[in-house]
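Visitor: My file is coords_7.txt. It has compact mmCIF, C-alpha atoms:
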# COMPACT_ATOMS: atom_id res chain seq x y z
CA MET A 1176 75.62 12.67 -83.95
CA LYS A 1177 78.46 11.46 -81.70
CA ARG A 1178 79.67 13.82 -78.98
CA SER A 1179 83.12 13.94 -80.61
CA GLN A 1180 81.48 15.35 -83.77
CA LEU A 1181 79.60 18.06 -81.91
CA PRO A 1182 80.96 21.62 -81.78
CA ALA A 1183 82.43 23.27 -78.70
CA VAL A 1184 80.57 26.45 -77.73
CA VAL A 1185 81.88 29.52 -75.96
CA MET A 1186 78.90 31.54 -74.73
CA ILE A 1187 79.12 35.18 -73.61
CA SER A 1188 76.46 35.99 -71.01
CA THR A 1189 75.37 38.53 -68.41
CA ASP A 1190 72.96 36.27 -66.49
CA VAL A 1191 74.58 35.84 -63.05
CA SER A 1192 71.74 33.52 -61.95
CA ILE A 1193 73.62 30.85 -63.94
CA LEU A 1194 75.82 30.57 -60.85
CA LYS A 1195 72.87 29.87 -58.56
CA GLU A 1196 72.31 26.15 -58.28
CA GLY A 1197 68.68 25.23 -58.90
CA SER A 1198 67.85 28.41 -60.83
CA ALA A 1199 66.18 28.21 -64.24
CA ALA A 1200 69.30 29.60 -65.92
CA HIS A 1201 71.53 27.08 -64.12
CA ARG A 1202 69.34 24.19 -65.27
CA ARG A 1203 69.17 25.58 -68.81
CA MET A 1204 72.96 25.77 -69.15
CA ARG A 1205 73.30 22.18 -67.94
CA GLU A 1206 70.78 21.13 -70.60
CA TYR A 1207 72.64 23.06 -73.30
CA GLY A 1208 75.80 21.24 -72.23
CA THR A 1209 74.27 17.95 -73.40
CA LEU A 1210 73.98 19.37 -76.92
CA PHE A 1211 77.67 20.13 -77.43
CA ALA A 1212 81.11 18.62 -76.95
CA GLU A 1213 81.94 21.38 -74.45
CA LEU A 1214 80.15 24.49 -73.22
CA HIS A 1215 82.18 27.36 -71.79
CA ILE A 1216 80.33 30.40 -70.44
CA VAL A 1217 82.18 33.70 -70.13
CA LEU A 1218 80.03 35.46 -67.56
CA PHE A 1219 79.99 39.19 -66.81
CA THR A 1220 80.26 39.41 -63.02
CA ARG A 1221 81.30 42.18 -60.64
CA ARG A 1222 84.19 41.61 -58.28
CA PHE A 1223 82.39 43.16 -55.31
CA GLY A 1224 79.04 44.80 -54.66
CA LYS A 1225 75.44 43.95 -54.00
CA ARG A 1226 75.07 42.23 -57.37
CA ALA A 1227 78.09 39.96 -57.00
CA PRO A 1228 76.92 36.32 -57.00
CA ARG A 1229 77.12 34.76 -53.55
CA MET A 1230 78.78 31.38 -53.80
CA GLY A 1231 78.88 29.02 -50.84
CA GLY A 1232 82.29 28.44 -49.33
CA VAL A 1233 83.95 31.44 -50.97
CA SER A 1234 85.65 34.00 -48.76
CA GLY A 1235 84.04 37.41 -48.37
CA GLY A 1236 84.93 40.52 -50.28
CA GLY A 1237 85.41 43.14 -47.61
CA LYS A 1238 83.47 44.78 -44.82
CA GLY A 1239 79.97 46.11 -44.71
CA GLY A 1240 78.32 43.44 -46.87
CA ARG A 1241 80.09 44.44 -50.05
CA GLY A 1242 79.44 40.97 -51.40
CA VAL A 1243 81.68 38.06 -52.17
CA LEU A 1244 84.11 37.22 -54.90
CA ALA A 1245 82.72 34.70 -57.38
CA PRO A 1246 85.15 31.88 -58.29
CA ALA A 1247 87.05 32.58 -61.50
CA THR A 1248 85.97 29.21 -62.96
CA ILE A 1249 83.43 26.72 -61.69
CA GLN A 1250 81.96 23.58 -63.19
CA ILE A 1251 78.16 23.37 -63.18
CA GLY A 1252 77.75 20.33 -65.43
CA GLN A 1253 79.67 17.38 -66.79
CA ASN A 1254 81.09 19.49 -69.61
CA VAL A 1255 79.86 22.99 -68.63
CA LEU A 1256 82.33 25.52 -67.21
CA VAL A 1257 81.52 29.08 -66.14
CA HIS A 1258 84.35 31.63 -66.30
CA SER A 1259 83.59 34.81 -64.34
CA THR A 1260 85.11 38.14 -65.44
CA GLN A 1261 85.27 39.45 -61.83
CA SER A 1262 85.09 43.01 -63.16
CA TRP A 1263 85.45 46.06 -60.92
CA ASN A 1264 82.40 47.69 -62.56
CA ARG A 1265 80.10 47.35 -65.58
CA TRP A 1266 82.35 49.52 -67.75
CA CYS A 1267 85.06 46.85 -67.52
CA PHE A 1268 82.82 44.00 -68.74
CA VAL A 1269 83.85 44.17 -72.41
CA ASP A 1270 87.62 44.34 -71.82
CA ASP A 1271 87.45 41.68 -69.10
CA GLY A 1272 85.19 39.49 -71.24
CA VAL A 1273 87.71 39.62 -74.09
CA ARG A 1274 90.57 38.85 -71.68
CA VAL A 1275 88.80 35.82 -70.18
CA GLY A 1276 87.52 34.67 -73.57
CA ARG A 1277 91.03 34.74 -75.06
CA ALA A 1278 92.31 32.47 -72.30
CA VAL A 1279 89.38 30.07 -72.73
CA LEU A 1280 89.76 29.87 -76.51
CA ALA A 1281 93.54 29.49 -76.36
CA ARG A 1282 93.14 26.40 -74.17
CA LEU A 1283 90.21 25.08 -76.22
CA LEU A 1284 92.10 25.34 -79.53
CA LYS A 1285 94.79 22.99 -78.21
CA ARG A 1286 92.29 20.11 -78.34
CA THR A 1287 89.60 21.32 -80.77
CA PRO A 1288 90.04 22.60 -84.35
CA SER A 1289 88.77 26.14 -85.00
CA THR A 1290 86.26 24.72 -87.50
CA GLN A 1291 84.47 23.02 -84.60
CA ILE A 1292 84.13 26.07 -82.32
CA VAL A 1293 81.23 28.50 -82.15
CA ILE A 1294 81.01 31.68 -80.09
CA SER A 1295 77.42 32.45 -79.09
CA THR A 1296 76.52 35.84 -77.60
CA GLN A 1297 73.48 36.65 -75.49
CA ASP A 1298 72.87 39.94 -77.33
CA PRO A 1299 74.38 42.07 -80.12
CA PHE A 1300 75.49 44.75 -77.64
CA GLU A 1301 78.18 44.32 -74.94
CA THR A 1302 78.34 40.51 -75.13
CA GLY A 1303 78.14 40.77 -78.92
CA LEU A 1304 81.12 43.12 -78.98
CA VAL A 1305 83.14 40.62 -76.94
CA GLY A 1306 82.08 37.81 -79.31
CA LYS A 1307 83.01 39.86 -82.37
CA LYS A 1308 86.50 40.65 -81.04
CA LEU A 1309 87.13 37.00 -80.15
CA ALA A 1310 85.76 35.66 -83.44
CA GLU A 1311 88.03 38.00 -85.40
CA ARG A 1312 91.05 37.14 -83.25
CA PHE A 1313 90.65 33.35 -83.50
CA GLY A 1314 88.80 32.99 -86.82
CA VAL A 1315 85.87 30.98 -85.41
CA ALA A 1316 82.13 31.04 -86.10
CA LEU A 1317 79.95 33.63 -84.35
CA GLN A 1318 76.26 33.21 -83.51
CA VAL A 1319 74.53 36.35 -82.25
CA GLN A 1320 71.25 36.11 -80.36
CA VAL A 1321 68.81 39.03 -80.53
CA HIS A 1322 66.11 39.19 -77.84
CA THR A 1323 65.32 42.91 -78.13
CA ASP A 1324 63.79 44.86 -81.00
CA PHE A 1325 66.67 47.34 -81.06
CA LEU A 1326 65.51 48.76 -84.39
CA SER A 1327 62.26 49.95 -82.85
CA PRO A 1328 61.97 53.77 -83.05
CA TYR A 1329 61.38 53.74 -79.30
CA PHE A 1330 64.51 51.77 -78.36
CA CYS A 1331 66.44 55.06 -77.96
CA TRP A 1332 63.64 56.91 -76.16
CA PRO A 1333 63.76 59.31 -74.30
CA THR A 1334 66.30 60.67 -76.78
CA LEU A 1335 68.38 62.81 -74.42
CA SER A 1336 68.22 60.53 -71.38
CA PHE A 1337 71.18 58.40 -70.28
CA VAL A 1338 69.34 55.22 -71.31
CA GLY A 1339 68.40 56.75 -74.67
CA LEU A 1340 71.98 57.79 -75.43
CA LEU A 1341 73.35 54.42 -74.25
CA ASN A 1342 70.87 52.55 -76.45
CA ARG A 1343 71.77 54.75 -79.42
CA PHE A 1344 75.39 53.65 -78.96
CA ARG A 1345 74.27 50.02 -78.54
CA ARG A 1346 72.38 50.22 -81.83
CA HIS A 1347 75.61 51.21 -83.63
CA VAL A 1348 77.47 48.39 -81.88
CA ALA A 1349 74.76 45.91 -82.90
CA ARG A 1350 75.10 46.77 -86.58
CA ALA A 1351 78.87 46.20 -86.46
CA VAL A 1352 78.49 42.94 -84.51
CA LEU A 1353 75.84 41.54 -86.84
CA ALA A 1354 78.01 42.37 -89.86
CA ARG A 1355 80.59 39.89 -88.48
CA ALA A 1356 78.13 37.18 -87.39
CA SER A 1357 77.94 33.78 -89.08
CA SER A 1358 74.26 33.38 -88.14
CA VAL A 1359 71.63 35.13 -86.05
CA ARG A 1360 69.03 33.71 -83.68
CA VAL A 1361 66.02 35.99 -83.04
CA VAL A 1362 63.11 35.35 -80.70
CA SER A 1363 60.31 36.67 -82.91
CA GLU A 1364 59.23 37.25 -86.49
CA ARG A 1365 59.06 40.97 -85.66
CA ILE A 1366 62.82 41.15 -85.07
CA LYS A 1367 63.53 39.07 -88.17
CA LYS A 1368 61.47 41.43 -90.33
CA SER A 1369 63.26 44.42 -88.78
CA LEU A 1370 66.69 42.99 -89.60
CA ILE A 1371 65.71 42.10 -93.17
CA GLY A 1372 63.86 45.38 -93.75
CA SER A 1373 66.90 47.37 -92.60
CA HIS A 1374 69.19 45.30 -94.87
CA ILE A 1375 71.25 44.27 -91.85
CA TRP A 1376 71.04 40.53 -92.33
CA HIS A 1377 70.29 37.90 -94.96
CA PRO A 1378 67.03 36.00 -94.28
CA ASP A 1379 68.61 32.59 -95.04
CA HIS A 1380 70.87 32.79 -92.00
CA ILE A 1381 68.31 33.91 -89.44
CA GLN A 1382 66.76 31.38 -87.08
CA VAL A 1383 63.50 32.36 -85.39
CA LEU A 1384 63.55 30.53 -82.06
CA PRO A 1385 61.22 31.95 -79.39
CA ILE A 1386 61.99 31.58 -75.70
CA TYR A 1387 60.70 28.18 -74.62
CA VAL A 1388 57.38 28.10 -72.80
CA ASP A 1389 55.90 24.79 -71.69
CA PRO A 1390 52.43 24.77 -73.28
CA PHE A 1391 51.01 22.36 -70.70
CA ALA A 1392 52.44 23.95 -67.55
CA TRP A 1393 50.28 27.02 -68.19
CA ALA A 1394 47.02 25.22 -68.92
CA LEU A 1395 44.17 26.93 -67.08
CA SER A 1396 43.16 24.92 -64.03
CA GLN A 1397 39.54 24.64 -62.96
CA ASP A 1398 40.65 24.42 -59.33
CA VAL A 1399 39.38 27.59 -57.64
CA HIS A 1400 41.98 27.21 -54.89
CA ALA A 1401 44.71 27.91 -57.47
CA ARG A 1402 43.46 31.50 -57.54
CA VAL A 1403 45.21 34.26 -55.65
CA GLY A 1404 44.15 34.12 -52.00
CA GLY A 1405 43.11 30.48 -52.31
CA GLU A 1406 44.12 27.77 -49.87
CA ARG A 1407 47.38 27.03 -51.68
CA GLU A 1408 48.44 30.68 -51.70
CA ALA A 1409 49.89 32.83 -48.92
CA ASP A 1410 47.31 34.67 -46.81
CA TRP A 1411 49.02 38.03 -47.28
CA VAL A 1412 47.23 38.75 -50.54
CA HIS A 1413 43.43 39.01 -50.61
CA LEU A 1414 41.68 40.41 -53.63
CA PRO A 1415 38.89 42.91 -53.02
CA HIS A 1416 35.46 41.96 -54.31
CA TRP A 1417 36.14 42.98 -57.88
CA GLU A 1418 33.90 41.60 -60.62
CA THR A 1419 36.61 41.95 -63.28
CA VAL A 1420 40.38 41.81 -62.73
CA GLY A 1421 43.14 43.10 -64.98
CA LEU A 1422 46.79 42.12 -64.56
CA MET A 1423 50.13 43.66 -65.45
CA ALA A 1424 53.33 41.61 -64.92
CA CYS A 1425 56.54 43.42 -65.83
CA ARG A 1426 59.50 45.37 -64.53
CA LEU A 1427 58.40 48.80 -63.42
CA THR A 1428 60.60 50.87 -65.72
CA LYS A 1429 59.84 53.79 -68.02
CA GLU A 1430 59.79 51.80 -71.25
CA LYS A 1431 57.01 49.56 -69.86
CA GLN A 1432 54.69 52.62 -69.74
CA VAL A 1433 52.72 51.44 -66.71
CA ASP A 1434 51.74 55.09 -66.16
CA LEU A 1435 49.87 54.95 -69.47
CA ALA A 1436 47.98 51.88 -68.24
CA LEU A 1437 47.06 53.64 -64.98
CA ARG A 1438 45.70 56.72 -66.76
CA ALA A 1439 43.61 54.58 -69.12
CA PHE A 1440 42.47 52.42 -66.21
CA ALA A 1441 41.34 55.52 -64.26
CA LYS A 1442 38.91 56.27 -67.10
CA THR A 1443 37.80 52.64 -67.21
CA VAL A 1444 36.96 52.56 -63.49
CA LYS A 1445 34.47 55.40 -64.01
CA VAL A 1446 32.59 53.20 -66.51
CA ALA A 1447 33.13 49.88 -64.69
CA PRO A 1448 33.70 50.73 -60.99
CA LYS A 1449 33.91 47.08 -59.87
CA THR A 1450 37.07 46.49 -61.90
CA GLY A 1451 40.50 46.05 -60.30
CA LEU A 1452 44.06 46.02 -61.57
CA ILE A 1453 46.90 43.89 -60.12
CA ILE A 1454 50.44 45.08 -60.86
CA ALA A 1455 53.05 42.36 -60.30
CA GLY A 1456 56.61 43.59 -60.60
CA GLU A 1457 59.33 45.74 -59.10
CA GLY A 1458 61.50 48.51 -60.47
CA PRO A 1459 62.59 52.12 -60.06
CA GLU A 1460 59.23 53.49 -61.22
CA ARG A 1461 57.17 51.88 -58.45
CA PRO A 1462 57.11 54.91 -56.06
CA HIS A 1463 56.08 57.20 -58.92
CA LEU A 1464 53.36 54.78 -60.05
CA GLU A 1465 51.94 54.44 -56.55
CA ARG A 1466 51.79 58.24 -56.25
CA LEU A 1467 50.13 58.44 -59.66
CA ALA A 1468 47.47 55.92 -58.60
CA ARG A 1469 46.67 58.08 -55.55
CA LYS A 1470 46.62 61.23 -57.68
CA LEU A 1471 44.18 59.60 -60.12
CA GLY A 1472 42.00 58.45 -57.20
CA ILE A 1473 42.28 54.77 -58.09
CA GLU A 1474 44.51 53.57 -55.22
CA HIS A 1475 41.68 51.32 -53.94
CA SER A 1476 41.25 49.78 -57.40
CA VAL A 1477 44.95 49.04 -57.97
CA LEU A 1478 46.97 46.42 -56.07
CA PHE A 1479 50.77 46.51 -56.22
CA VAL A 1480 52.00 43.04 -55.22
CA GLY A 1481 55.70 43.30 -56.08
CA TRP A 1482 57.76 40.71 -57.95
CA GLN A 1483 56.17 37.26 -58.04
CA ARG A 1484 57.99 33.99 -58.56
CA ARG A 1485 54.77 32.22 -59.66
CA LEU A 1486 52.41 34.01 -62.02
CA LEU A 1487 49.99 31.14 -62.62
CA PRO A 1488 47.73 31.97 -59.62
CA PHE A 1489 47.53 35.55 -60.89
CA PHE A 1490 46.62 34.36 -64.38
CA HIS A 1491 43.88 32.26 -62.82
CA SER A 1492 42.54 35.34 -61.07
CA ALA A 1493 42.76 37.70 -64.07
CA ASP A 1494 40.20 38.36 -66.77
CA PHE A 1495 42.75 40.08 -69.02
CA LEU A 1496 46.45 40.99 -69.17
CA LEU A 1497 47.75 44.45 -70.05
CA SER A 1498 51.09 45.06 -71.77
CA THR A 1499 51.93 48.67 -72.63
CA SER A 1500 55.65 48.44 -73.48
CA LEU A 1501 57.33 50.80 -75.90
CA PHE A 1502 59.31 47.88 -77.34
CA GLU A 1503 59.47 44.12 -76.79
CA GLY A 1504 61.50 41.48 -78.54
CA TYR A 1505 59.08 38.70 -77.69
CA GLY A 1506 56.88 39.10 -74.60
CA MET A 1507 57.01 35.74 -72.81
CA THR A 1508 54.47 36.84 -70.18
CA MET A 1509 51.94 37.47 -72.95
CA VAL A 1510 52.49 33.97 -74.33
CA GLU A 1511 52.14 32.45 -70.85
CA ALA A 1512 48.92 34.40 -70.27
CA MET A 1513 47.44 33.24 -73.57
CA LEU A 1514 48.32 29.62 -72.78
CA ALA A 1515 46.51 30.11 -69.46
CA GLY A 1516 43.44 31.35 -71.32
CA VAL A 1517 43.85 35.02 -70.37
CA PRO A 1518 43.04 37.51 -73.18
CA VAL A 1519 45.79 40.07 -73.76
CA ILE A 1520 45.54 43.78 -74.54
CA ALA A 1521 48.96 44.92 -75.73
CA SER A 1522 50.84 47.65 -77.53
CA ASP A 1523 52.02 46.80 -81.03
CA THR A 1524 55.24 45.09 -79.90
CA GLY A 1525 56.67 41.58 -79.51
CA ILE A 1526 54.22 38.86 -80.52
CA ALA A 1527 51.55 41.36 -81.61
CA GLY A 1528 50.62 40.70 -85.22
CA ASP A 1529 52.26 37.26 -85.10
CA LEU A 1530 50.57 35.33 -82.29
CA LEU A 1531 48.44 38.08 -80.77
CA ILE A 1532 45.93 39.11 -83.44
CA ASP A 1533 43.75 42.17 -82.83
CA GLY A 1534 40.09 41.15 -82.60
CA ARG A 1535 40.81 37.42 -82.83
CA ASN A 1536 42.40 36.38 -79.52
CA GLY A 1537 42.98 39.76 -77.86
CA TYR A 1538 43.46 43.42 -78.64
CA VAL A 1539 46.41 45.43 -79.99
CA PHE A 1540 46.64 49.21 -79.77
CA SER A 1541 48.97 51.53 -81.66
CA LEU A 1542 52.29 52.28 -80.05
CA THR A 1543 53.29 55.88 -79.36
CA ALA A 1544 55.71 57.67 -77.09
CA HIS A 1545 54.93 61.14 -78.38
CA ASN A 1546 51.12 61.14 -78.35
CA SER A 1547 50.26 59.32 -75.16
CA LYS A 1548 46.72 60.72 -75.16
CA GLU A 1549 45.88 58.86 -78.36
CA ALA A 1550 47.32 55.59 -77.02
CA GLU A 1551 45.50 56.18 -73.70
CA ASN A 1552 42.18 56.58 -75.49
CA GLN A 1553 42.74 53.46 -77.59
CA LEU A 1554 43.63 51.42 -74.51
CA PHE A 1555 40.62 52.76 -72.60
CA ALA A 1556 38.24 51.84 -75.43
CA LYS A 1557 39.59 48.30 -75.84
CA MET A 1558 39.78 47.65 -72.10
CA THR A 1559 36.23 48.89 -71.55
CA LYS A 1560 34.86 46.77 -74.38
CA LEU A 1561 36.53 43.64 -72.99
CA ILE A 1562 35.23 44.34 -69.49
CA MET A 1563 31.67 45.06 -70.56
CA HIS A 1564 31.34 41.97 -72.76
CA PRO A 1565 32.05 38.69 -70.88
CA GLU A 1566 31.16 36.64 -73.95
CA LEU A 1567 33.93 38.43 -75.88
CA ARG A 1568 36.44 37.59 -73.14
CA GLN A 1569 35.37 33.94 -73.33
CA ARG A 1570 35.80 33.86 -77.10
CA PHE A 1571 39.22 35.52 -76.87
CA SER A 1572 40.22 33.13 -74.07
CA GLU A 1573 39.47 30.03 -76.12
CA ALA A 1574 41.18 31.41 -79.22
CA ALA A 1575 44.22 32.57 -77.22
CA THR A 1576 44.82 29.12 -75.70
CA ARG A 1577 44.34 27.36 -79.03
CA ASP A 1578 46.63 29.73 -80.96
CA ALA A 1579 49.33 29.83 -78.27
CA ARG A 1580 49.59 26.03 -78.19
CA LYS A 1581 50.16 25.99 -81.94
CA HIS A 1582 52.80 28.72 -81.58
CA THR A 1583 54.93 27.05 -78.90
CA TYR A 1584 57.23 24.04 -79.28
CA PRO A 1585 55.39 20.77 -78.52
CA SER A 1586 58.12 19.53 -76.18
CA HIS A 1587 61.27 20.65 -74.45
CA GLY A 1588 63.23 18.05 -76.42
CA ALA A 1589 62.07 19.58 -79.71
CA TYR A 1590 63.13 23.01 -78.49
CA LEU A 1591 66.61 21.80 -77.50
CA LYS A 1592 67.03 20.18 -80.92
CA ALA A 1593 66.12 23.49 -82.59
CA TYR A 1594 68.59 25.32 -80.33
CA GLN A 1595 71.36 22.92 -81.34
CA GLU A 1596 70.48 23.37 -85.03
CA GLY A 1597 70.88 27.13 -84.66
CA VAL A 1598 74.45 26.72 -83.41
CA LEU A 1599 75.22 24.22 -86.18
CA MET A 1600 73.89 26.77 -88.70
CA ALA A 1601 76.57 29.22 -87.58
CA LEU A 1602 79.24 26.56 -88.05
CA SER A 1603 77.96 25.65 -91.51
CA THR A 1604 77.71 29.27 -92.67
CA HIS A 1605 81.17 30.13 -91.37
CA SER A 1606 82.81 27.23 -93.22
CA ARG A 1607 81.52 28.38 -96.62
So, in terms of structure tokens, how does the structure I just supplied come out?

Guide:
Amino acid sequence: MKRSQLPAVVMISTDVSILKEGSAAHRRMREYGTLFAELHIVLFTRRFGKRAPRMGGVSGGGKGGRGVLAPATIQIGQNVLVHSTQSWNRWCFVDDGVRVGRAVLARLLKRTPSTQIVISTQDPFETGLVGKKLAERFGVALQVQVHTDFLSPYFCWPTLSFVGLLNRFRRHVARAVLARASSVRVVSERIKKSLIGSHIWHPDHIQVLPIYVDPFAWALSQDVHARVGGEREADWVHLPHWETVGLMACRLTKEKQVDLALRAFAKTVKVAPKTGLIIAGEGPERPHLERLARKLGIEHSVLFVGWQRRLLPFFHSADFLLSTSLFEGYGMTMVEAMLAGVPVIASDTGIAGDLLIDGRNGYVFSLTAHNSKEAENQLFAKMTKLIMHPELRQRFSEAATRDARKHTYPSHGAYLKAYQEGVLMALSTHSR
């Protein structure tokens, strides 16, 4: 298809790393730009503050390290423009996103017919609301991406917490946004089944497109120096002499239920005392989790290593991966671990039941937020069985790698083609 025949896309996003040259998001947007006639990104950014993107050559935003003002519009690719909202705070993102989006679409419509424009939103929540308002105002196609299982019963948990109440509101917003969408892109079969089962969306207009993972980049190396503490790794991390190593890699927030993993692991250590657990990640729950490890008497069996840019050395050092989330849309870390030959023990979320099959290539335990003791006992039993039976870990490892390679796209080019087809689906559906 000639570039002149391709649609123009206006994307609504919250990922400020798009502005950082060399970042994965920056590279991804440049690649997406090759798929369309034009790509405009309306980006939620704060005017000042610690989270404001720092752009070289831009004047500062006040005293005391308040941050810098991101440029209103910058070009990051031949036909890729990023338009920052420069909002005073997060509560202004929607109004500012609509304001910036209107200006972008008004200019775009002067050279592109409305039948060749698609608005694509990063989620069905705040960015989705902006997309909905713009699509209704200008009569263009709307593609909504769904990366989170917002219909999970645990999405609004704890019920009376700020996060729970906010997510309850987001769930209502999502239903209204999806009702206006021309097509929907979801990252897992689980989310697709949720949308169909709740009669929110027609199955013919849903594209299941997982987050891209390079199946070969995660192949398990036989090089022992690729392990944590090896010659190619920094000397600051040295694993104790553990015979079996578990790994968790996630943000340390309440919904990840790392405390559940620690309680189950404390029981496991009594049965298999030479087992260790590495926790890679940062978040507001870290101080609480470190105190909990000391309270459970397992501080010498648990290693908090903070956020890690490269997980492959940790996969090479791990005998299994734990994932105890209350809800997951996909679970990219689980896919990466399986590609690296690491068996996964996970709650019934994300890829569980689709790629991760209980008893075939890993273990799945029942999800619960209200009976943590039951989930703790299930996790303890499955973890102990995997630790005590090396031959089972080997069988799961081989099956996990084989199944994960079948699950992922064979090449990055194939993935980009599928991404483009999802946007074209929105255009086709809208024109009917």

Visitor: Could you give me, as a Markdown table, a per-residue list for region 1485-1540 of chain A showing, wherever an atom lies at most 9 Å from an atom of region 1558-1574 of chain A, the closest pair of atoms and their distance in Å to one decimal, using all atoms listed in the file and sorting by chain then residue number from low to high?

Guide:
| residue | atom | partner | partner_atom | distance |
| --- | --- | --- | --- | --- |
| A:Asp1494 | CA | A:Arg1568 | CA | 7.4 |
| A:Phe1495 | CA | A:Arg1568 | CA | 7.9 |
| A:Leu1497 | CA | A:Met1558 | CA | 8.8 |
| A:Met1513 | CA | A:Ser1572 | CA | 7.2 |
| A:Leu1514 | CA | A:Ser1572 | CA | 8.9 |
| A:Ala1515 | CA | A:Ser1572 | CA | 8.4 |
| A:Gly1516 | CA | A:Ser1572 | CA | 4.6 |
| A:Val1517 | CA | A:Ser1572 | CA | 5.5 |
| A:Pro1518 | CA | A:Ser1572 | CA | 5.3 |
| A:Val1519 | CA | A:Phe1571 | CA | 8.6 |
| A:Ile1520 | CA | A:Met1558 | CA | 7.4 |
| A:Gly1534 | CA | A:Phe1571 | CA | 8.1 |
| A:Arg1535 | CA | A:Phe1571 | CA | 6.5 |
| A:Asn1536 | CA | A:Phe1571 | CA | 4.2 |
| A:Gly1537 | CA | A:Phe1571 | CA | 5.8 |
| A:Tyr1538 | CA | A:Met1558 | CA | 8.6 |

Visitor: At what distance in Å, to one decimal, does CA of Arg1438 (chain A) lie from CA of Glu1549 (chain A)?

Guide: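 So the answer is 11.8 Å.
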
Visitor: Looking at all atoms listed in the file, which of A:Leu1284, A:Ala1521, A:Leu1591, A:Val1598 is the one that sits closest to Phe1540 (chain A)?

Guide: A:Ala1521

Visitor: Extract, using only C-alpha atoms, all DNA, RNA and protein residues at most 9 Å from Tyr1594 (chain A), discarding same-chain residues fewer than 4 positions from it, and format them as a PDB file with C-alpha atoms, keeping the file's coordinate frame.

Guide:
ATOM      1  CA  TYR A1207      72.640  23.060 -73.300  1.00  0.00           C
ATOM      2  CA  LEU A1210      73.980  19.370 -76.920  1.00  0.00           C
ATOM      3  CA  LEU A1384      63.550  30.530 -82.060  1.00  0.00           C
ATOM      4  CA  ALA A1589      62.070  19.580 -79.710  1.00  0.00           C
ATOM      5  CA  TYR A1590      63.130  23.010 -78.490  1.00  0.00           C
ATOM      6  CA  VAL A1598      74.450  26.720 -83.410  1.00  0.00           C
ATOM      7  CA  LEU A1599      75.220  24.220 -86.180  1.00  0.00           C
TER       8      LEU A1599
END

Visitor: What lies within 12 Å of Pro1585 (chain A) using only C-alpha atoms, ignoring chain neighbours under 4 positions off, as a list in words?

Guide: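 Surrounding residues, per the criterion: Tyr1387, Val1388, Asp1389, Pro1390, Phe1391, Ala1392, Ala1579, Arg1580, Lys1581, Ala1589, Tyr1590, Leu1591, Lys1592 and Ala1593 of chain A.
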
Visitor: Could you write those residues out with C-alpha atoms, as a PDB file, keeping the file's coordinate frame?

Guide:
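Result file follows (selection.pdb):
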ATOM      1  CA  TYR A1387      60.700  28.180 -74.620  1.00  0.00           C
ATOM      2  CA  VAL A1388      57.380  28.100 -72.800  1.00  0.00           C
ATOM      3  CA  ASP A1389      55.900  24.790 -71.690  1.00  0.00           C
ATOM      4  CA  PRO A1390      52.430  24.770 -73.280  1.00  0.00           C
ATOM      5  CA  PHE A1391      51.010  22.360 -70.700  1.00  0.00           C
ATOM      6  CA  ALA A1392      52.440  23.950 -67.550  1.00  0.00           C
ATOM      7  CA  ALA A1579      49.330  29.830 -78.270  1.00  0.00           C
ATOM      8  CA  ARG A1580      49.590  26.030 -78.190  1.00  0.00           C
ATOM      9  CA  LYS A1581      50.160  25.990 -81.940  1.00  0.00           C
ATOM     10  CA  ALA A1589      62.070  19.580 -79.710  1.00  0.00           C
ATOM     11  CA  TYR A1590      63.130  23.010 -78.490  1.00  0.00           C
ATOM     12  CA  LEU A1591      66.610  21.800 -77.500  1.00  0.00           C
ATOM     13  CA  LYS A1592      67.030  20.180 -80.920  1.00  0.00           C
ATOM     14  CA  ALA A1593      66.120  23.490 -82.590  1.00  0.00           C
TER      15      ALA A1593
END

Visitor: Using all atoms listed in the file, can you tell me which of A:Ile1193, A:Ile1473, A:Val1257, A:Ile1292 comes closest to Pro1448 (chain A)?

Guide: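 Of the candidates, the smallest distance to Pro1448 (chain A) is held by A:Ile1473.
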
Visitor: Listed atoms of region 1297-1306 of chain A, axis-aligned box, 8 Å per side: centre and edge lengths to one decimal in Å, as lines of an AutoDock Vina configuration file?

Guide:
center_x = 78.0
center_y = 40.7
center_z = -77.5
size_x = 26.3
size_y = 24.1
size_z = 21.2

Visitor: I'd like the interatomic distance between CA of Leu1283 (chain A) and CA of Thr1604 (chain A), to a tenth of an Å.

Guide: 21.1 Å

Visitor: Need the shell around Lys1548 (chain A): protein/DNA/RNA residues with any atom at most 12 Å away, counting all atoms listed in the file. Skip same-chain ones fewer than 6 positions apart. Format as an MDAnalysis selection string?

Guide: chainID A and resid 1434:1436 1438:1439 1541:1542 1554:1555

Visitor: Any idea what the distance is between CA of Gly1208 (chain A) and CA of Gln1261 (chain A)?

Guide: 23.0 Å

Visitor: Of the candidates A:Trp1417, A:Glu1430, A:Gly1506, A:Phe1440, which one gets nearest to Val1338 (chain A) if we count all atoms listed in the file?

Guide: A:Glu1430
